[in-house]
Every structure is written in structure tokens, then in C-alpha cells.
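Shown here: final.txt, compact mmCIF, C-alpha atoms and all ligand atoms.
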# COMPACT_ATOMS: atom_id res chain seq x y z
CA MET A 1248 -60.73 -32.39 -68.57
CA ILE A 1249 -57.67 -32.48 -66.37
CA GLY A 1250 -58.08 -32.25 -62.59
CA VAL A 1251 -55.62 -31.37 -59.84
CA THR A 1252 -56.33 -32.09 -56.18
CA GLY A 1253 -54.74 -30.00 -53.44
CA ALA A 1254 -54.99 -27.04 -55.81
CA SER A 1255 -55.04 -24.65 -52.84
CA GLY A 1256 -51.64 -25.93 -51.74
CA ARG A 1257 -48.26 -24.64 -52.82
CA LEU A 1258 -47.51 -27.47 -55.25
CA GLY A 1259 -51.05 -27.80 -56.60
CA ARG A 1260 -51.29 -24.10 -57.37
CA LEU A 1261 -48.04 -24.22 -59.31
CA VAL A 1262 -49.35 -27.19 -61.31
CA ILE A 1263 -52.46 -25.19 -62.21
CA THR A 1264 -50.21 -22.30 -63.30
CA GLU A 1265 -48.30 -24.71 -65.56
CA LEU A 1266 -51.51 -26.16 -66.99
CA LEU A 1267 -52.83 -22.68 -67.77
CA GLN A 1268 -49.83 -22.26 -70.08
CA ARG A 1269 -50.54 -25.53 -71.85
CA LEU A 1270 -54.32 -25.96 -72.03
CA PRO A 1271 -57.50 -23.98 -72.63
CA THR A 1272 -58.76 -22.78 -69.25
CA ASP A 1273 -62.04 -24.69 -69.61
CA GLN A 1274 -60.15 -28.00 -69.59
CA ILE A 1275 -58.73 -27.43 -66.10
CA VAL A 1276 -60.49 -28.47 -62.89
CA ALA A 1277 -58.94 -27.26 -59.63
CA LEU A 1278 -60.01 -29.40 -56.68
CA ALA A 1279 -59.61 -28.06 -53.16
CA ARG A 1280 -60.77 -28.81 -49.65
CA THR A 1281 -61.11 -25.06 -49.23
CA PRO A 1282 -62.24 -23.60 -52.57
CA ASP A 1283 -62.23 -20.06 -51.13
CA LYS A 1284 -58.45 -20.19 -51.15
CA ILE A 1285 -58.44 -20.45 -54.94
CA ALA A 1286 -61.27 -18.07 -55.75
CA ASP A 1287 -58.82 -16.17 -57.97
CA LEU A 1288 -58.57 -19.25 -60.23
CA ALA A 1289 -62.35 -19.35 -60.61
CA VAL A 1290 -62.24 -15.69 -61.65
CA ARG A 1291 -59.72 -16.68 -64.34
CA GLY A 1292 -62.18 -19.27 -65.68
CA VAL A 1293 -60.76 -22.41 -64.09
CA THR A 1294 -63.45 -24.78 -62.83
CA VAL A 1295 -63.09 -24.87 -59.04
CA ARG A 1296 -64.73 -27.68 -57.05
CA ARG A 1297 -64.69 -28.77 -53.44
CA ALA A 1298 -62.95 -32.09 -52.81
CA GLU A 1299 -62.32 -33.21 -49.24
CA TYR A 1300 -60.33 -36.44 -49.09
CA ASP A 1301 -62.10 -37.42 -45.86
CA ASP A 1302 -65.57 -36.94 -47.33
CA PRO A 1303 -66.33 -39.32 -50.22
CA ALA A 1304 -69.62 -37.49 -50.85
CA THR A 1305 -67.65 -34.51 -52.16
CA LEU A 1306 -65.32 -36.56 -54.34
CA ALA A 1307 -67.55 -38.07 -57.03
CA PRO A 1308 -69.20 -34.73 -57.93
CA ALA A 1309 -65.79 -33.07 -57.88
CA LEU A 1310 -64.40 -35.59 -60.37
CA ALA A 1311 -67.32 -35.53 -62.84
CA GLY A 1312 -65.95 -35.17 -66.37
CA VAL A 1313 -62.32 -35.42 -65.26
CA GLU A 1314 -60.33 -37.87 -67.41
CA ARG A 1315 -56.81 -37.28 -66.15
CA LEU A 1316 -56.12 -36.45 -62.51
CA LEU A 1317 -53.15 -35.38 -60.43
CA LEU A 1318 -53.63 -36.71 -56.91
CA VAL A 1319 -51.47 -34.50 -54.71
CA SER A 1320 -50.68 -36.44 -51.55
CA GLY A 1321 -52.42 -34.99 -48.51
CA SER A 1322 -50.62 -33.21 -45.71
CA GLU A 1323 -52.16 -35.06 -42.76
CA VAL A 1324 -49.60 -37.79 -42.08
CA GLY A 1325 -51.25 -40.85 -40.55
CA ARG A 1326 -54.60 -40.31 -42.28
CA ARG A 1327 -53.53 -40.41 -45.87
CA ILE A 1328 -54.05 -44.08 -46.78
CA VAL A 1329 -57.80 -43.84 -46.24
CA GLN A 1330 -57.92 -40.36 -47.76
CA HIS A 1331 -56.09 -41.35 -50.93
CA ARG A 1332 -58.14 -44.55 -51.28
CA ASN A 1333 -61.28 -42.42 -51.10
CA VAL A 1334 -60.06 -40.36 -54.04
CA ILE A 1335 -59.04 -43.44 -56.05
CA GLU A 1336 -62.37 -45.17 -55.43
CA ALA A 1337 -64.30 -42.06 -56.48
CA ALA A 1338 -62.10 -41.77 -59.57
CA VAL A 1339 -62.92 -45.35 -60.59
CA ARG A 1340 -66.64 -44.70 -60.11
CA THR A 1341 -66.69 -41.45 -62.08
CA GLY A 1342 -64.72 -42.63 -65.11
CA VAL A 1343 -61.32 -41.02 -64.50
CA ARG A 1344 -58.91 -42.88 -66.79
CA PHE A 1345 -55.51 -41.85 -65.47
CA ILE A 1346 -54.07 -40.73 -62.12
CA ALA A 1347 -50.62 -39.29 -61.54
CA TYR A 1348 -49.71 -39.48 -57.86
CA THR A 1349 -47.07 -37.49 -55.93
CA SER A 1350 -45.13 -40.14 -54.03
CA ILE A 1351 -41.74 -40.12 -52.30
CA LEU A 1352 -38.32 -40.75 -53.88
CA HIS A 1353 -37.46 -44.48 -53.97
CA ALA A 1354 -40.68 -45.23 -52.06
CA ASP A 1355 -39.98 -48.97 -52.01
CA ARG A 1356 -36.50 -48.71 -50.48
CA THR A 1357 -36.13 -45.30 -48.86
CA PRO A 1358 -34.96 -45.26 -45.23
CA LEU A 1359 -37.62 -42.59 -44.64
CA ARG A 1360 -40.08 -45.37 -43.79
CA ALA A 1361 -42.31 -43.24 -41.56
CA LEU A 1362 -43.21 -41.11 -44.57
CA ALA A 1363 -43.02 -43.82 -47.22
CA GLU A 1364 -45.56 -46.21 -45.74
CA GLU A 1365 -48.57 -44.16 -46.82
CA HIS A 1366 -47.10 -43.52 -50.25
CA VAL A 1367 -46.42 -47.22 -50.81
CA ALA A 1368 -49.99 -48.07 -49.75
CA THR A 1369 -51.35 -45.46 -52.17
CA GLU A 1370 -49.17 -46.77 -54.99
CA GLU A 1371 -50.54 -50.26 -54.26
CA ALA A 1372 -54.11 -48.97 -54.31
CA LEU A 1373 -53.48 -47.37 -57.69
CA ARG A 1374 -51.91 -50.54 -59.10
CA ALA A 1375 -55.00 -52.47 -57.97
CA SER A 1376 -57.51 -49.88 -59.19
CA GLY A 1377 -57.55 -50.78 -62.87
CA LEU A 1378 -56.81 -47.15 -63.74
CA ALA A 1379 -53.75 -46.08 -65.68
CA TRP A 1380 -51.25 -44.48 -63.30
CA THR A 1381 -47.91 -42.72 -63.06
CA PHE A 1382 -45.95 -42.35 -59.84
CA LEU A 1383 -44.16 -39.05 -59.47
CA ARG A 1384 -41.77 -39.93 -56.67
CA HIS A 1385 -40.43 -36.68 -55.28
CA SER A 1386 -37.20 -35.97 -53.50
CA TRP A 1387 -37.29 -33.02 -51.07
CA TYR A 1388 -38.50 -29.57 -52.00
CA THR A 1389 -35.56 -27.16 -51.84
CA GLU A 1390 -38.01 -24.81 -50.11
CA ASN A 1391 -37.99 -27.18 -47.09
CA TYR A 1392 -34.68 -25.55 -46.17
CA GLU A 1393 -35.79 -21.93 -46.38
CA ASP A 1394 -36.44 -21.44 -42.66
CA ARG A 1395 -33.17 -23.08 -41.67
CA VAL A 1396 -31.32 -21.00 -44.23
CA ARG A 1397 -32.83 -17.78 -42.86
CA ALA A 1398 -31.82 -18.81 -39.34
CA ALA A 1399 -28.33 -19.64 -40.59
CA ALA A 1400 -28.04 -16.27 -42.28
CA ALA A 1401 -28.96 -14.61 -38.99
CA THR A 1402 -26.68 -16.67 -36.73
CA GLY A 1403 -23.82 -17.66 -39.05
CA GLU A 1404 -24.49 -21.32 -38.31
CA LEU A 1405 -26.45 -23.94 -40.22
CA VAL A 1406 -27.38 -26.85 -37.97
CA GLY A 1407 -28.34 -30.39 -38.94
CA ALA A 1408 -27.57 -34.08 -38.63
CA THR A 1409 -27.09 -35.26 -42.18
CA GLY A 1410 -23.30 -35.16 -42.31
CA GLU A 1411 -21.95 -35.30 -45.84
CA ALA A 1412 -25.11 -36.89 -47.24
CA ARG A 1413 -26.06 -35.82 -50.75
CA ILE A 1414 -29.39 -34.07 -51.16
CA SER A 1415 -30.84 -33.92 -54.68
CA SER A 1416 -33.59 -31.42 -53.98
CA ALA A 1417 -35.63 -29.52 -56.54
CA THR A 1418 -38.05 -26.66 -56.27
CA ARG A 1419 -41.81 -27.07 -56.15
CA ALA A 1420 -41.91 -25.30 -59.52
CA ASP A 1421 -39.66 -28.01 -61.02
CA TYR A 1422 -41.92 -30.80 -59.72
CA ALA A 1423 -45.03 -28.89 -60.83
CA ALA A 1424 -43.66 -28.63 -64.37
CA ALA A 1425 -43.10 -32.40 -64.40
CA ALA A 1426 -46.66 -33.04 -63.26
CA ALA A 1427 -47.99 -30.79 -66.01
CA VAL A 1428 -45.94 -32.66 -68.63
CA VAL A 1429 -47.28 -36.01 -67.43
CA LEU A 1430 -50.86 -34.73 -67.36
CA THR A 1431 -50.78 -33.18 -70.82
CA THR A 1432 -48.69 -35.62 -72.86
CA GLU A 1433 -48.97 -39.33 -73.60
CA GLY A 1434 -46.63 -42.22 -72.83
CA HIS A 1435 -46.45 -42.00 -69.06
CA ALA A 1436 -48.91 -44.72 -68.00
CA GLY A 1437 -47.26 -47.39 -65.85
CA ARG A 1438 -44.10 -45.31 -65.45
CA ILE A 1439 -42.43 -44.64 -62.11
CA TYR A 1440 -40.43 -41.43 -62.19
CA GLU A 1441 -37.79 -40.88 -59.51
CA LEU A 1442 -37.80 -37.10 -59.51
CA ALA A 1443 -34.90 -35.19 -58.01
CA GLY A 1444 -32.74 -32.17 -58.72
CA ASP A 1445 -29.80 -32.35 -61.11
CA GLU A 1446 -27.47 -31.07 -58.41
CA ALA A 1447 -26.68 -33.14 -55.30
CA TRP A 1448 -25.52 -30.91 -52.45
CA THR A 1449 -24.47 -31.38 -48.85
CA MET A 1450 -25.23 -29.21 -45.84
CA ASN A 1451 -21.66 -27.90 -46.07
CA ASP A 1452 -22.41 -26.81 -49.64
CA LEU A 1453 -25.62 -25.14 -48.47
CA ALA A 1454 -23.77 -23.27 -45.71
CA ARG A 1455 -21.16 -22.06 -48.21
CA ILE A 1456 -23.82 -20.90 -50.67
CA VAL A 1457 -25.78 -19.05 -47.97
CA GLY A 1458 -22.57 -17.31 -46.96
CA GLU A 1459 -21.81 -16.34 -50.56
CA VAL A 1460 -25.33 -15.11 -51.25
CA THR A 1461 -25.66 -13.09 -48.04
CA GLY A 1462 -22.05 -11.93 -47.82
CA ARG A 1463 -21.72 -13.27 -44.28
CA PRO A 1464 -19.85 -16.56 -43.71
CA VAL A 1465 -21.96 -19.49 -42.55
CA THR A 1466 -20.59 -22.73 -41.16
CA TYR A 1467 -22.34 -26.07 -40.87
CA ARG A 1468 -22.56 -27.68 -37.43
CA ASN A 1469 -23.27 -31.40 -37.70
CA LEU A 1470 -24.93 -33.09 -34.73
CA THR A 1471 -26.02 -36.61 -33.92
CA PRO A 1472 -29.76 -37.14 -34.40
CA GLU A 1473 -30.17 -37.15 -30.59
CA ASP A 1474 -28.29 -33.87 -30.21
CA TYR A 1475 -30.19 -32.40 -33.15
CA LYS A 1476 -33.46 -33.26 -31.44
CA ALA A 1477 -32.25 -31.62 -28.22
CA TYR A 1478 -31.11 -28.57 -30.21
CA LEU A 1479 -34.55 -28.24 -31.84
CA VAL A 1480 -36.32 -28.54 -28.49
CA GLN A 1481 -34.03 -25.89 -27.08
CA GLN A 1482 -34.99 -23.68 -30.03
CA GLY A 1483 -38.67 -24.08 -29.09
CA THR A 1484 -39.73 -26.99 -31.30
CA PRO A 1485 -42.25 -29.28 -29.54
CA PRO A 1486 -40.47 -32.53 -28.56
CA ALA A 1487 -42.73 -34.75 -30.68
CA VAL A 1488 -42.02 -32.65 -33.79
CA ALA A 1489 -38.32 -32.52 -32.95
CA GLU A 1490 -38.28 -36.32 -32.75
CA VAL A 1491 -39.85 -36.64 -36.20
CA LEU A 1492 -37.41 -34.13 -37.68
CA ALA A 1493 -34.43 -35.89 -36.09
CA VAL A 1494 -35.56 -39.25 -37.49
CA LEU A 1495 -35.89 -37.66 -40.93
CA GLU A 1496 -32.38 -36.24 -40.63
CA ALA A 1497 -31.07 -39.71 -39.76
CA GLY A 1498 -32.72 -41.08 -42.92
CA ILE A 1499 -31.38 -38.25 -45.06
CA ALA A 1500 -27.91 -38.97 -43.60
CA GLN A 1501 -28.21 -42.34 -45.39
CA ASP A 1502 -28.56 -40.54 -48.75
CA ALA A 1503 -32.35 -41.00 -48.80
CA LEU A 1504 -32.70 -37.85 -50.90
CA PHE A 1505 -29.93 -38.66 -53.35
CA ASP A 1506 -30.74 -39.60 -56.92
CA ASP A 1507 -28.62 -38.95 -59.98
CA SER A 1508 -30.91 -40.32 -62.68
CA HIS A 1509 -31.88 -36.81 -63.90
CA GLN A 1510 -35.41 -37.97 -64.72
CA LEU A 1511 -36.87 -34.67 -63.56
CA SER A 1512 -34.83 -32.52 -65.92
CA GLN A 1513 -35.42 -35.03 -68.73
CA LEU A 1514 -39.17 -34.81 -68.16
CA ILE A 1515 -39.34 -31.01 -68.04
CA GLY A 1516 -36.81 -30.47 -70.82
CA ARG A 1517 -34.61 -28.07 -68.84
CA PRO A 1518 -32.17 -28.26 -65.94
CA THR A 1519 -33.71 -28.16 -62.47
CA THR A 1520 -33.41 -24.93 -60.48
CA PRO A 1521 -29.89 -24.68 -58.98
CA LEU A 1522 -29.67 -24.52 -55.18
CA ARG A 1523 -27.88 -21.17 -55.40
CA GLU A 1524 -30.71 -19.69 -57.45
CA ALA A 1525 -33.32 -20.85 -54.92
CA VAL A 1526 -31.32 -19.43 -52.01
CA ARG A 1527 -30.82 -16.17 -53.86
CA SER A 1528 -34.58 -15.90 -54.48
CA TRP A 1529 -35.30 -16.20 -50.74
CA PHE A 1530 -33.15 -13.20 -49.98
CA ALA A 1531 -34.33 -11.20 -52.98
CA THR A 1532 -38.00 -11.37 -52.03
CA ARG A 1533 -37.80 -9.74 -48.58
N1 LIG B 1 -41.26 -33.61 -51.15
C1 LIG B 1 -41.30 -32.76 -50.15
O1 LIG B 1 -40.29 -32.15 -49.77
C2 LIG B 1 -42.59 -32.49 -49.47
C3 LIG B 1 -42.64 -31.54 -48.44
C4 LIG B 1 -43.86 -31.29 -47.85
C5 LIG B 1 -44.99 -31.97 -48.27
N2 LIG B 1 -44.92 -32.88 -49.27
C6 LIG B 1 -46.10 -33.61 -49.78
O2 LIG B 1 -46.48 -32.97 -50.99
C7 LIG B 1 -47.83 -32.47 -50.86
C8 LIG B 1 -47.93 -31.13 -51.56
O3 LIG B 1 -47.01 -30.25 -50.97
P1 LIG B 1 -47.38 -28.73 -50.74
O4 LIG B 1 -46.12 -28.04 -50.47
O5 LIG B 1 -48.26 -28.24 -51.85
O6 LIG B 1 -48.23 -28.82 -49.40
P2 LIG B 1 -49.31 -27.78 -48.89
O7 LIG B 1 -49.01 -26.40 -49.39
O8 LIG B 1 -49.44 -27.99 -47.43
O9 LIG B 1 -50.65 -28.25 -49.61
C9 LIG B 1 -51.28 -29.45 -49.26
C10 LIG B 1 -52.56 -29.51 -50.05
O10 LIG B 1 -53.25 -30.70 -49.68
C11 LIG B 1 -54.60 -30.33 -49.37
N3 LIG B 1 -55.19 -31.25 -48.43
C12 LIG B 1 -54.67 -31.65 -47.25
N4 LIG B 1 -55.54 -32.47 -46.63
C13 LIG B 1 -56.63 -32.55 -47.44
C14 LIG B 1 -57.87 -33.21 -47.34
N5 LIG B 1 -58.18 -33.95 -46.28
N6 LIG B 1 -58.74 -33.09 -48.37
C15 LIG B 1 -58.43 -32.34 -49.46
N7 LIG B 1 -57.28 -31.68 -49.60
C16 LIG B 1 -56.40 -31.77 -48.60
C17 LIG B 1 -54.46 -28.96 -48.76
O11 LIG B 1 -55.72 -28.31 -48.70
P3 LIG B 1 -55.96 -27.01 -47.78
O12 LIG B 1 -55.44 -25.84 -48.56
O13 LIG B 1 -57.42 -26.97 -47.59
O14 LIG B 1 -55.20 -27.23 -46.51
C18 LIG B 1 -53.50 -28.34 -49.73
O15 LIG B 1 -54.15 -27.94 -50.92
C19 LIG B 1 -48.07 -32.40 -49.37
O16 LIG B 1 -49.44 -32.48 -49.09
C20 LIG B 1 -47.28 -33.59 -48.86
O17 LIG B 1 -47.99 -34.80 -49.06
C21 LIG B 1 -43.74 -33.14 -49.87

Same coordinates, now as C-alpha cells:
Amino acid sequence: MIGVTGASGRLGRLVITELLQRLPTDQIVALARTPDKIADLAVRGVTVRRAEYDDPATLAPALAGVERLLLVSGSEVGRRIVQHRNVIEAAVRTGVRFIAYTSILHADRTPLRALAEEHVATEEALRASGLAWTFLRHSWYTENYEDRVRAAAATGELVGATGEARISSATRADYAAAAAVVLTTEGHAGRIYELAGDEAWTMNDLARIVGEVTGRPVTYRNLTPEDYKAYLVQQGTPPAVAEVLAVLEAGIAQDALFDDSHQLSQLIGRPTTPLREAVRSWFATR
């Protein structure tokens, strides 16, 4: 059986959708902290089990019979090393043979150190576990920009602090397809995939595309990280969150999200979703 943690999340759910196209339903185990959120999957015949990263007592029963597992990194930054180790330890005990883990692009050298630390520690735990592993190191989700794009469409101004940095984002659906390939085909053990979109774009490109899609010109206003933080606070973002976002922007300004190896499209056998298509979908759905 193939298991997916975080199946109630946006990425995990898309991975389950991909697996349903590739495997008999009774081979899929959807693991969630909050199984109620994926009750619809249980109705479709997917095995749904509770798995709380903080509670090892839930993890071994949840992993019973699972041979290949996608460990979706948790969303509680600062707590994830212990949480992910709990999952890995339970996997070793229950006989899981292979874990694919969603890490961060260029985890070992990214300037986004605040995020990378927990991913690097998890990668190390997997290397030491004796299990077969694959690291799916993700660049940014294109969807991370949806709120800013909507604001830009409303105001005519896209605001950021990444200058002309290149951003090789891909959609969650692209990354989910890659995870499904790795879970359902052989030859991935010990591989580190740097997964990023085929297209590298800048904030100026994004502003232009938003203008073209919406029919109202949008310009990009580039700020220093300090001014970007102040801008976010002025917009109502709590200062601590604004600080984190400004630090991320400073890292992205150093091309932290740029990768031109095209490993994602090679893995999924199709081009990644173009930025323009993602932007268009955001305005088509509302
Ligand atoms: N590359 C990027 O741009 C990017 C952006 C954001 C996040 N990420 C990372 O990628 C992961 C998946 O992204 P996403 O968009 O699917 O995030 P998401 O929609 O927030 O989903 C996160 C998933 O993790 C589960 N989870 C969190 N803490 C848990 C715990 N203690 N025990 C068990 N499950 C737990 C959540 O369960 P509940 O439904 O119960 O909350 C949810 O299913 C994130 O968790 C984060 O590590 C990457």
C-alpha cells in the first residue's frame, strides 16, 4: 500500500487525486491529523487513518501495511524536526520500505535558511534511518502569489522586494504529479530531485502578465526588505509575520527559487503549468 501524510492539505489531496488515477483505490492510504476533512475520500474507498505528527501513538497504527510513504512536510515551522522524526521512527518500526519527503529547493545551499533548517534535519534523519528515500525538493508554489496578484489587480501595483530575481515556481498540481510518479514507479531511491517550474519569471513579468490577463495595467514596485516589511505592517500584517516575509523576500532576491534543471517536467513527462495559465485560472474561478 502507498500512504500519503498531510492528505487533508492542499498538496496531499492533489497527490491522492493523482494516485487514484494510477492505482486501485484499495492500495491508497490517506493519513491526516483531521480525518474528517477527507471523509469524501473514505466514501470513495480510500483508506483514511488518523496520523498526528506530534503523537507517536497514532503513527504506527496509521502506517500499518504501508510500504511506500509520502511524508508531506508539516506546516508548523519550528516544530517540524521532532514531528518528522516521529513519522520516520514509526515508519521504521512498522516496516515502511520507502519514504519520499517534500523538502525545499537546494536545501543544502539555499539562502532561505530559516525554512531550510528543518528540511535539512529531516533529510539527515531519513539518510540515517536505513529506509530507502527520495527528496522532493520544492521551489515555491505559484499559488503563493495568488493573494498578492489579486491585490495587484485591484490596485494596479504589485509590491515586493525581490528585484529582478528569477522565480521558477510550479503549481501544487505539478509537484503532486511528481510525487505520484515517485511513489508508483521504481528507480527513485537515493535520488534528490530539485523540483521547479520550467519557466523562470521575475516580479516585473508577473505584473505584466496580471495586467494582460485582467486588462488593467499593473506595475511592479520594488522595495528594500526593510521598506517591504513596513509596507506589509501598514497593510495590516502583524510585525512578526511581516519580518518573516521580508526575510524570505531577501532570500528570493538572491535567486533562491531559481532552478533551470527541468527535473520536474522530466519527472512528470509534461511541461510545468505556465505562470500565465495559473494567473488566468485565479481570475476564471471567481
Ligand atoms: N513550496 C512552497 O511554496 C510551500 C508553501 C507552503 C507550504 N509548503 C510546505 O509544503 C507542505 C504542504 O503544503 P500545503 O500547501 O499542502 O499545506 P497545507 O494545505 O497547509 O497542508 C499542510 C498539511 O500538513 C498537515 N499537518 C500539519 N501539521 C500536522 C501535524 N502535526 N500532524 C499531522 N499533519 C499535520 C495538515 O493537516 P491539517 O489539515 O489537520 O491542518 C495538512 O494536511 C506544507 O505543510 C509546508 O511544509 C511549501

Wanna dump the chain A-ligand LIG 1 (chain B) contacts at 6 Å for me, each residue with its shortest atom pair and the distance in Å to one decimal, counting all atoms listed in the file, ordered by chain and number, as JSON lines?
{"residue": "A:Gly1253", "atom": "CA", "partner": "B:LIG1", "partner_atom": "O15", "distance": 3.3}
{"residue": "A:Ala1254", "atom": "CA", "partner": "B:LIG1", "partner_atom": "O15", "distance": 5.0}
{"residue": "A:Ser1255", "atom": "CA", "partner": "B:LIG1", "partner_atom": "O15", "distance": 3.9}
{"residue": "A:Gly1256", "atom": "CA", "partner": "B:LIG1", "partner_atom": "O9", "distance": 3.3}
{"residue": "A:Arg1257", "atom": "CA", "partner": "B:LIG1", "partner_atom": "O5", "distance": 3.7}
{"residue": "A:Leu1258", "atom": "CA", "partner": "B:LIG1", "partner_atom": "O5", "distance": 3.6}
{"residue": "A:Gly1259", "atom": "CA", "partner": "B:LIG1", "partner_atom": "O5", "distance": 5.5}
{"residue": "A:Ala1279", "atom": "CA", "partner": "B:LIG1", "partner_atom": "N7", "distance": 5.6}
{"residue": "A:Arg1280", "atom": "CA", "partner": "B:LIG1", "partner_atom": "C15", "distance": 4.2}
{"residue": "A:Thr1281", "atom": "CA", "partner": "B:LIG1", "partner_atom": "O13", "distance": 4.5}
{"residue": "A:Ala1298", "atom": "CA", "partner": "B:LIG1", "partner_atom": "C15", "distance": 5.6}
{"residue": "A:Glu1299", "atom": "CA", "partner": "B:LIG1", "partner_atom": "N6", "distance": 3.7}
{"residue": "A:Tyr1300", "atom": "CA", "partner": "B:LIG1", "partner_atom": "N6", "distance": 3.8}
{"residue": "A:Asp1301", "atom": "CA", "partner": "B:LIG1", "partner_atom": "N5", "distance": 5.3}
{"residue": "A:Val1319", "atom": "CA", "partner": "B:LIG1", "partner_atom": "C7", "distance": 5.7}
{"residue": "A:Ser1320", "atom": "CA", "partner": "B:LIG1", "partner_atom": "O17", "distance": 4.0}
{"residue": "A:Gly1321", "atom": "CA", "partner": "B:LIG1", "partner_atom": "O16", "distance": 3.9}
{"residue": "A:Ser1322", "atom": "CA", "partner": "B:LIG1", "partner_atom": "O16", "distance": 3.7}
{"residue": "A:Glu1323", "atom": "CA", "partner": "B:LIG1", "partner_atom": "N4", "distance": 5.8}
{"residue": "A:His1385", "atom": "CA", "partner": "B:LIG1", "partner_atom": "N1", "distance": 5.2}
{"residue": "A:Ser1386", "atom": "CA", "partner": "B:LIG1", "partner_atom": "N1", "distance": 5.3}
{"residue": "A:Trp1387", "atom": "CA", "partner": "B:LIG1", "partner_atom": "O1", "distance": 3.4}
{"residue": "A:Tyr1388", "atom": "CA", "partner": "B:LIG1", "partner_atom": "O1", "distance": 3.9}

Need to verify the contact set: Glu1404 of chain A, 6 Å, all atoms listed in the file, exclusion of same-chain residues closer than 3 positions in sequence. Can you return it as a PDB file with C-alpha atoms, keeping the file's coordinate frame?
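That gives us result.pdb:
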ATOM      1  CA  ALA A1399     -28.330 -19.640 -40.590  1.00  0.00           C
ATOM      2  CA  VAL A1465     -21.960 -19.490 -42.550  1.00  0.00           C
ATOM      3  CA  THR A1466     -20.590 -22.730 -41.160  1.00  0.00           C
ATOM      4  CA  TYR A1467     -22.340 -26.070 -40.870  1.00  0.00           C
TER       5      TYR A1467
END

Cut-off 8 Å: closest segment 1308-1358 of chain A/segment 1492-1508 of chain A atom pairs per residue, using only C-alpha atoms, as a Markdown table:
| residue | atom | partner | partner_atom | distance |
| --- | --- | --- | --- | --- |
| A:Leu1352 | CA | A:Leu1504 | CA | 7.0 |
| A:Thr1357 | CA | A:Ala1503 | CA | 5.7 |
| A:Pro1358 | CA | A:Gly1498 | CA | 5.3 |

Legend entry - Residue among A:Thr1461, A:Thr1484, A:Asn1333, A:Thr1341 lying closest to Ala1311 of chain A, counting only C-alpha atoms: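 Among the listed residues, A:Thr1341 lies closest to Ala1311 of chain A.
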
Legend entry - Contact residues around Thr1264 of chain A with all atoms listed in the file at 10 Å, ignoring same-chain residues under 5 positions, as a ChimeraX atom specification: /A:1258-1259,1269,1288,1420,1423-1424,1427

Legend entry - Residue among A:Asp1421, A:His1366, A:Gly1458, A:Leu1522 lying closest to Arg1397 of chain A, counting all atoms listed in the file: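 Distance minimum relative to Arg1397 of chain A lands on A:Gly1458.
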
Please provide as an mmCIF file with C-alpha atoms, keeping the file's coordinate frame all residues within 12 Å of Trp1529 of chain A, with the sequence filter that same-chain residues fewer than 4 positions apart are discarded (counting all atoms listed in the file).
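Wrote it out as around_2.cif, contents follow:
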data_model
loop_
_atom_site.group_PDB
_atom_site.id
_atom_site.type_symbol
_atom_site.label_atom_id
_atom_site.label_comp_id
_atom_site.auth_asym_id
_atom_site.auth_seq_id
_atom_site.Cartn_x
_atom_site.Cartn_y
_atom_site.Cartn_z
ATOM 1 C CA THR A 1389 -35.560 -27.160 -51.840
ATOM 2 C CA GLU A 1390 -38.010 -24.810 -50.110
ATOM 3 C CA ASN A 1391 -37.990 -27.180 -47.090
ATOM 4 C CA TYR A 1392 -34.680 -25.550 -46.170
ATOM 5 C CA GLU A 1393 -35.790 -21.930 -46.380
ATOM 6 C CA ASP A 1394 -36.440 -21.440 -42.660
ATOM 7 C CA ARG A 1395 -33.170 -23.080 -41.670
ATOM 8 C CA VAL A 1396 -31.320 -21.000 -44.230
ATOM 9 C CA ARG A 1397 -32.830 -17.780 -42.860
ATOM 10 C CA ALA A 1400 -28.040 -16.270 -42.280
ATOM 11 C CA VAL A 1457 -25.780 -19.050 -47.970
ATOM 12 C CA VAL A 1460 -25.330 -15.110 -51.250
ATOM 13 C CA THR A 1461 -25.660 -13.090 -48.040
ATOM 14 C CA LEU A 1522 -29.670 -24.520 -55.180
ATOM 15 C CA ARG A 1523 -27.880 -21.170 -55.400
ATOM 16 C CA GLU A 1524 -30.710 -19.690 -57.450
ATOM 17 C CA ALA A 1525 -33.320 -20.850 -54.920
ATOM 18 C CA ARG A 1533 -37.800 -9.740 -48.580
#

Legend entry - Separation of atom CA of Ser1512 of chain A from atom CA of Thr1381 of chain A in Å: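 So the two atoms, atom CA of Thr1381 of chain A and atom CA of Ser1512 of chain A, lie 16.8 Å apart.
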
Legend entry - Length of the atom CA of Gln1510 of chain A to atom CA of Ala1425 of chain A vector [Å]: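 Those two atoms sit 9.5 Å apart.
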
Legend entry - One-decimal distance in Å that lies between atom CA of Val1251 of chain A and atom CA of Ile1285 of chain A: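 Value for the atom CA of Ile1285 of chain A-atom CA of Val1251 of chain A distance: 12.3 Å.
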
Legend entry - Residue neighbourhood Pro1486 of chain A, 9 Å, all atoms listed in the file, exclusion window fewer than 5 positions, as a PyMOL selection string: chain A and resi 1476-1477+1479-1480+1491

Legend entry - Residue neighbourhood Gly1325 of chain A, 10 Å, all atoms listed in the file, exclusion window fewer than 2 positions, as a ChimeraX atom specification: /A:1321-1323,1327-1330,1361-1362,1364-1365

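Take the candidates A:Ala1309, A:Val1290, A:Ile1456, A:Ala1408 and check each one against Glu1473 of chain A using all atoms listed in the file; the shortest distance goes to A:Ala1408.
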
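Among the candidate residues A:Met1248, A:Val1324, A:Ala1487, A:Leu1267, the one lying nearest to Arg1291 of chain A is A:Leu1267, with distances computed using all atoms listed in the file.
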
Inset, instruction - May I have the protein, DNA and RNA residues with any atom at most 10 Å from the point (-47.1, -42.2, -55.8), counting only C-alpha atoms, written as JSON, numbers by chain? - result: {"A": [1318, 1319, 1320, 1346, 1347, 1348, 1349, 1350, 1351, 1352, 1354, 1363, 1365, 1366, 1367, 1368, 1369, 1370, 1371, 1372, 1373, 1380, 1381, 1382, 1383, 1384, 1385, 1439, 1440]}

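For the residues A:Ala1443, A:Ile1249, A:Ile1263, A:Val1428, ranking by smallest atom-to-atom distance to Leu1310 of chain A using only C-alpha atoms places A:Ile1249 first.
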
Inset, instruction - Can you work out which one of A:Arg1413, A:Leu1405, A:Ala1436, A:Glu1441 has the shortest atom-to-atom distance to Arg1455 of chain A, counting all atoms listed in the file? - result: A:Leu1405
